[in-house]
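Undergrad: This is the structure, below, for whatever I ask next.
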Amino acid sequence: MTTVLAIVLSLVFLPLGLAKIAAAPVMRQAAAHLGMSTGLYRVVGATEVAGVAGLLLGLTWTPLGLAAATGLALLMAAAAVVHLRHGDPPVRAVPALIAVTHAAAAIG
């Protein structure tokens, strides 16, 4: 995994994860739109923050970084599916799919 890719992914996922954990108004709205409770959305945020920690620690221990990148890729693939299943237009799933490709690139 490259250092640059790990840092870029971390800069994307950390603020989003923290906003979900803090239940920022925009995140509460997103959770409601997707039919999720705020508590479940906080779990998603905690998973994102854990992924960031794994990516950054993975810069010193590669297996952890690869596991974190895999987890984030799977999380974002699920996010794309959730958007589509809730009737969002396909364009709403594009950010999650872009994150999947970047996380997959970090895997190898």
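Scheme for the structure tokens: letters A, B, ... for chains in order shown; per-chain residue numbers from 1; ligand numbers from 1 in order shown.
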With a distance cut-off of 12 Å and only C-alpha atoms, select the neighbouring residues of range 61-64 of chain A, excluding the residue or stretch itself and same-chain residues fewer than 2 positions from it, and output the selection as an mmCIF file with N, CA, C and O atoms, in the first residue's frame.

TA:
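Just written: part.cif:
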data_model
loop_
_atom_site.group_PDB
_atom_site.id
_atom_site.type_symbol
_atom_site.label_atom_id
_atom_site.label_comp_id
_atom_site.auth_asym_id
_atom_site.auth_seq_id
_atom_site.Cartn_x
_atom_site.Cartn_y
_atom_site.Cartn_z
ATOM 1 N N MET A 1 0.851 -1.179 0.000
ATOM 2 C CA MET A 1 0.000 0.000 0.000
ATOM 3 C C MET A 1 0.892 1.237 0.000
ATOM 4 O O MET A 1 1.872 1.296 0.713
ATOM 5 N N THR A 2 0.508 2.207 -0.813
ATOM 6 C CA THR A 2 1.314 3.417 -0.866
ATOM 7 C C THR A 2 0.925 4.364 0.264
ATOM 8 O O THR A 2 -0.234 4.413 0.687
ATOM 9 N N THR A 3 1.897 5.111 0.713
ATOM 10 C CA THR A 3 1.661 6.088 1.768
ATOM 11 C C THR A 3 0.663 7.139 1.312
ATOM 12 O O THR A 3 -0.257 7.507 2.052
ATOM 13 N N ALA A 6 -2.919 5.794 1.306
ATOM 14 C CA ALA A 6 -3.413 5.629 2.683
ATOM 15 C C ALA A 6 -3.783 6.979 3.283
ATOM 16 O O ALA A 6 -4.820 7.105 3.953
ATOM 17 N N ALA A 50 -12.192 3.406 12.472
ATOM 18 C CA ALA A 50 -11.324 2.244 12.704
ATOM 19 C C ALA A 50 -10.548 1.907 11.435
ATOM 20 O O ALA A 50 -9.362 1.544 11.502
ATOM 21 N N GLY A 51 -11.203 2.034 10.280
ATOM 22 C CA GLY A 51 -10.520 1.802 9.011
ATOM 23 C C GLY A 51 -9.380 2.775 8.802
ATOM 24 O O GLY A 51 -8.300 2.407 8.327
ATOM 25 N N VAL A 52 -9.600 4.027 9.163
ATOM 26 C CA VAL A 52 -8.539 5.040 9.057
ATOM 27 C C VAL A 52 -7.363 4.664 9.956
ATOM 28 O O VAL A 52 -6.207 4.713 9.530
ATOM 29 N N ALA A 53 -7.666 4.274 11.180
ATOM 30 C CA ALA A 53 -6.593 3.867 12.098
ATOM 31 C C ALA A 53 -5.816 2.687 11.512
ATOM 32 O O ALA A 53 -4.582 2.664 11.549
ATOM 33 N N GLY A 54 -6.543 1.738 10.952
ATOM 34 C CA GLY A 54 -5.887 0.584 10.339
ATOM 35 C C GLY A 54 -5.034 0.967 9.142
ATOM 36 O O GLY A 54 -3.934 0.435 8.958
ATOM 37 N N LEU A 55 -5.529 1.890 8.323
ATOM 38 C CA LEU A 55 -4.729 2.340 7.177
ATOM 39 C C LEU A 55 -3.428 2.988 7.629
ATOM 40 O O LEU A 55 -2.355 2.699 7.085
ATOM 41 N N LEU A 56 -3.539 3.868 8.617
ATOM 42 C CA LEU A 56 -2.343 4.591 9.057
ATOM 43 C C LEU A 56 -1.372 3.679 9.798
ATOM 44 O O LEU A 56 -0.158 3.751 9.578
ATOM 45 N N LEU A 57 -1.888 2.801 10.648
ATOM 46 C CA LEU A 57 -1.014 1.840 11.320
ATOM 47 C C LEU A 57 -0.457 0.834 10.323
ATOM 48 O O LEU A 57 0.638 0.300 10.512
ATOM 49 N N GLY A 58 -1.205 0.615 9.258
ATOM 50 C CA GLY A 58 -0.754 -0.299 8.213
ATOM 51 C C GLY A 58 0.456 0.200 7.453
ATOM 52 O O GLY A 58 1.100 -0.574 6.733
ATOM 53 N N LEU A 59 0.780 1.468 7.620
ATOM 54 C CA LEU A 59 1.998 1.981 6.992
ATOM 55 C C LEU A 59 3.240 1.384 7.644
ATOM 56 O O LEU A 59 4.312 1.362 7.040
ATOM 57 N N LEU A 66 -3.696 -3.632 4.734
ATOM 58 C CA LEU A 66 -4.452 -4.356 3.715
ATOM 59 C C LEU A 66 -5.826 -4.764 4.235
ATOM 60 O O LEU A 66 -6.827 -4.667 3.517
ATOM 61 N N ALA A 67 -5.877 -5.198 5.487
ATOM 62 C CA ALA A 67 -7.167 -5.567 6.085
ATOM 63 C C ALA A 67 -8.075 -4.347 6.199
ATOM 64 O O ALA A 67 -9.279 -4.428 5.913
ATOM 65 N N ALA A 68 -7.510 -3.222 6.602
ATOM 66 C CA ALA A 68 -8.308 -1.995 6.725
ATOM 67 C C ALA A 68 -8.823 -1.541 5.368
ATOM 68 O O ALA A 68 -9.998 -1.162 5.235
ATOM 69 N N ALA A 69 -7.978 -1.579 4.364
ATOM 70 C CA ALA A 69 -8.401 -1.179 3.019
ATOM 71 C C ALA A 69 -9.493 -2.114 2.493
ATOM 72 O O ALA A 69 -10.463 -1.667 1.873
ATOM 73 N N THR A 70 -9.359 -3.389 2.768
ATOM 74 C CA THR A 70 -10.387 -4.357 2.362
ATOM 75 C C THR A 70 -11.705 -4.061 3.059
ATOM 76 O O THR A 70 -12.774 -4.047 2.429
ATOM 77 N N GLY A 71 -11.635 -3.808 4.347
ATOM 78 C CA GLY A 71 -12.845 -3.483 5.100
ATOM 79 C C GLY A 71 -13.529 -2.225 4.588
ATOM 80 O O GLY A 71 -14.755 -2.182 4.444
ATOM 81 N N ALA A 106 -5.531 0.378 -2.954
ATOM 82 C CA ALA A 106 -4.627 0.290 -1.807
ATOM 83 C C ALA A 106 -4.318 -1.159 -1.459
ATOM 84 O O ALA A 106 -3.261 -1.464 -0.909
ATOM 85 N N ILE A 107 -5.252 -2.045 -1.782
ATOM 86 C CA ILE A 107 -5.046 -3.472 -1.480
ATOM 87 C C ILE A 107 -3.972 -4.063 -2.386
ATOM 88 O O ILE A 107 -3.168 -4.880 -1.976
ATOM 89 N N GLY A 108 -3.981 -3.607 -3.603
ATOM 90 C CA GLY A 108 -2.891 -4.111 -4.402
ATOM 91 C C GLY A 108 -3.129 -4.258 -5.825
ATOM 92 O O GLY A 108 -2.492 -4.689 -6.635
#

Undergrad: Tell me which protein, DNA and RNA residues are within 12 Å of range 94-99 of chain A, counting only C-alpha atoms, leaving out same-chain ones fewer than 5 positions away, and put them as JSON, numbers by chain.

TA: {"A": [5, 6, 8, 9, 10, 11, 12, 13, 48, 69, 70, 71, 72, 73, 74, 75, 76, 77, 78, 79, 80, 81, 82, 83, 84, 88, 89, 104, 105, 106]}

Undergrad: Selection from above, N, CA, C and O atoms, as a compact mmCIF listing (two decimals), in the first residue's frame, can you write it?

TA:
# COMPACT_ATOMS: atom_id res chain seq x y z
N LEU A 5 -1.74 6.99 -0.94
CA LEU A 5 -3.11 6.46 -1.01
C LEU A 5 -3.70 6.28 0.38
O LEU A 5 -4.87 6.59 0.61
N ALA A 6 -2.92 5.79 1.31
CA ALA A 6 -3.41 5.63 2.68
C ALA A 6 -3.78 6.98 3.28
O ALA A 6 -4.82 7.10 3.95
N VAL A 8 -4.61 9.79 1.60
CA VAL A 8 -5.79 10.32 0.90
C VAL A 8 -7.06 9.65 1.41
O VAL A 8 -8.06 10.33 1.72
N LEU A 9 -7.06 8.33 1.51
CA LEU A 9 -8.23 7.63 2.03
C LEU A 9 -8.55 8.07 3.46
O LEU A 9 -9.72 8.25 3.82
N SER A 10 -7.52 8.26 4.26
CA SER A 10 -7.71 8.69 5.64
C SER A 10 -8.34 10.08 5.70
O SER A 10 -9.23 10.35 6.52
N LEU A 11 -7.90 10.97 4.81
CA LEU A 11 -8.44 12.33 4.78
C LEU A 11 -9.90 12.36 4.32
O LEU A 11 -10.64 13.28 4.64
N VAL A 12 -10.30 11.35 3.58
CA VAL A 12 -11.70 11.25 3.16
C VAL A 12 -12.55 10.63 4.27
O VAL A 12 -13.60 11.17 4.64
N PHE A 13 -12.10 9.51 4.80
CA PHE A 13 -12.93 8.76 5.74
C PHE A 13 -12.96 9.33 7.15
O PHE A 13 -13.96 9.19 7.85
N GLU A 48 -15.66 3.43 9.95
CA GLU A 48 -14.81 4.24 9.09
C GLU A 48 -13.59 4.76 9.83
O GLU A 48 -12.46 4.71 9.31
N ALA A 69 -7.98 -1.58 4.36
CA ALA A 69 -8.40 -1.18 3.02
C ALA A 69 -9.49 -2.11 2.49
O ALA A 69 -10.46 -1.67 1.87
N THR A 70 -9.36 -3.39 2.77
CA THR A 70 -10.39 -4.36 2.36
C THR A 70 -11.71 -4.06 3.06
O THR A 70 -12.77 -4.05 2.43
N GLY A 71 -11.63 -3.81 4.35
CA GLY A 71 -12.85 -3.48 5.10
C GLY A 71 -13.53 -2.23 4.59
O GLY A 71 -14.75 -2.18 4.44
N LEU A 72 -12.75 -1.20 4.29
CA LEU A 72 -13.33 0.04 3.77
C LEU A 72 -13.92 -0.17 2.38
O LEU A 72 -14.98 0.38 2.06
N ALA A 73 -13.27 -0.97 1.56
CA ALA A 73 -13.81 -1.27 0.23
C ALA A 73 -15.15 -1.99 0.35
O ALA A 73 -16.12 -1.65 -0.35
N LEU A 74 -15.23 -2.96 1.25
CA LEU A 74 -16.50 -3.69 1.45
C LEU A 74 -17.58 -2.77 2.02
O LEU A 74 -18.75 -2.85 1.62
N LEU A 75 -17.19 -1.91 2.94
CA LEU A 75 -18.15 -0.97 3.53
C LEU A 75 -18.71 -0.04 2.47
O LEU A 75 -19.92 0.22 2.42
N MET A 76 -17.87 0.45 1.58
CA MET A 76 -18.33 1.36 0.54
C MET A 76 -19.14 0.64 -0.55
O MET A 76 -20.07 1.21 -1.12
N ALA A 77 -18.80 -0.62 -0.81
CA ALA A 77 -19.62 -1.40 -1.75
C ALA A 77 -21.02 -1.56 -1.18
O ALA A 77 -22.03 -1.41 -1.89
N ALA A 78 -21.09 -1.83 0.12
CA ALA A 78 -22.40 -1.95 0.77
C ALA A 78 -23.14 -0.62 0.75
O ALA A 78 -24.35 -0.58 0.55
N ALA A 79 -22.41 0.49 0.92
CA ALA A 79 -23.05 1.81 0.88
C ALA A 79 -23.67 2.07 -0.49
O ALA A 79 -24.79 2.60 -0.59
N ALA A 80 -22.97 1.70 -1.55
CA ALA A 80 -23.51 1.88 -2.90
C ALA A 80 -24.79 1.07 -3.07
O ALA A 80 -25.79 1.57 -3.61
N VAL A 81 -24.79 -0.16 -2.58
CA VAL A 81 -25.98 -1.01 -2.68
C VAL A 81 -27.13 -0.40 -1.89
O VAL A 81 -28.27 -0.37 -2.36
N VAL A 82 -26.86 0.09 -0.70
CA VAL A 82 -27.91 0.68 0.14
C VAL A 82 -28.53 1.88 -0.58
O VAL A 82 -29.75 2.04 -0.60
N HIS A 83 -27.70 2.73 -1.18
CA HIS A 83 -28.23 3.88 -1.91
C HIS A 83 -29.16 3.42 -3.04
O HIS A 83 -30.26 3.96 -3.21
N LEU A 84 -28.72 2.45 -3.78
CA LEU A 84 -29.52 1.99 -4.92
C LEU A 84 -30.81 1.30 -4.46
O LEU A 84 -31.87 1.49 -5.06
N ASP A 88 -32.31 5.72 -4.63
CA ASP A 88 -31.50 6.86 -5.06
C ASP A 88 -31.10 6.66 -6.52
O ASP A 88 -30.89 5.52 -6.96
N PRO A 89 -30.95 7.75 -7.26
CA PRO A 89 -30.45 7.60 -8.62
C PRO A 89 -29.02 7.06 -8.58
O PRO A 89 -28.29 7.30 -7.60
N ALA A 104 -9.63 -0.42 -3.08
CA ALA A 104 -9.14 -1.62 -3.77
C ALA A 104 -7.73 -1.40 -4.32
O ALA A 104 -6.90 -2.31 -4.29
N ALA A 105 -7.46 -0.19 -4.80
CA ALA A 105 -6.11 0.10 -5.28
C ALA A 105 -5.10 0.02 -4.15
O ALA A 105 -3.95 -0.38 -4.35
N ALA A 106 -5.53 0.38 -2.95
CA ALA A 106 -4.63 0.29 -1.81
C ALA A 106 -4.32 -1.16 -1.46
O ALA A 106 -3.26 -1.46 -0.91

Undergrad: So which residues touch His33 in chain A within 12 Å, counting only C-alpha atoms, skipping near sequence neighbours fewer than 2 positions away, as a PyMOL selection string?

TA: chain A and resi 26-31+35-38+41+82-83+85-88
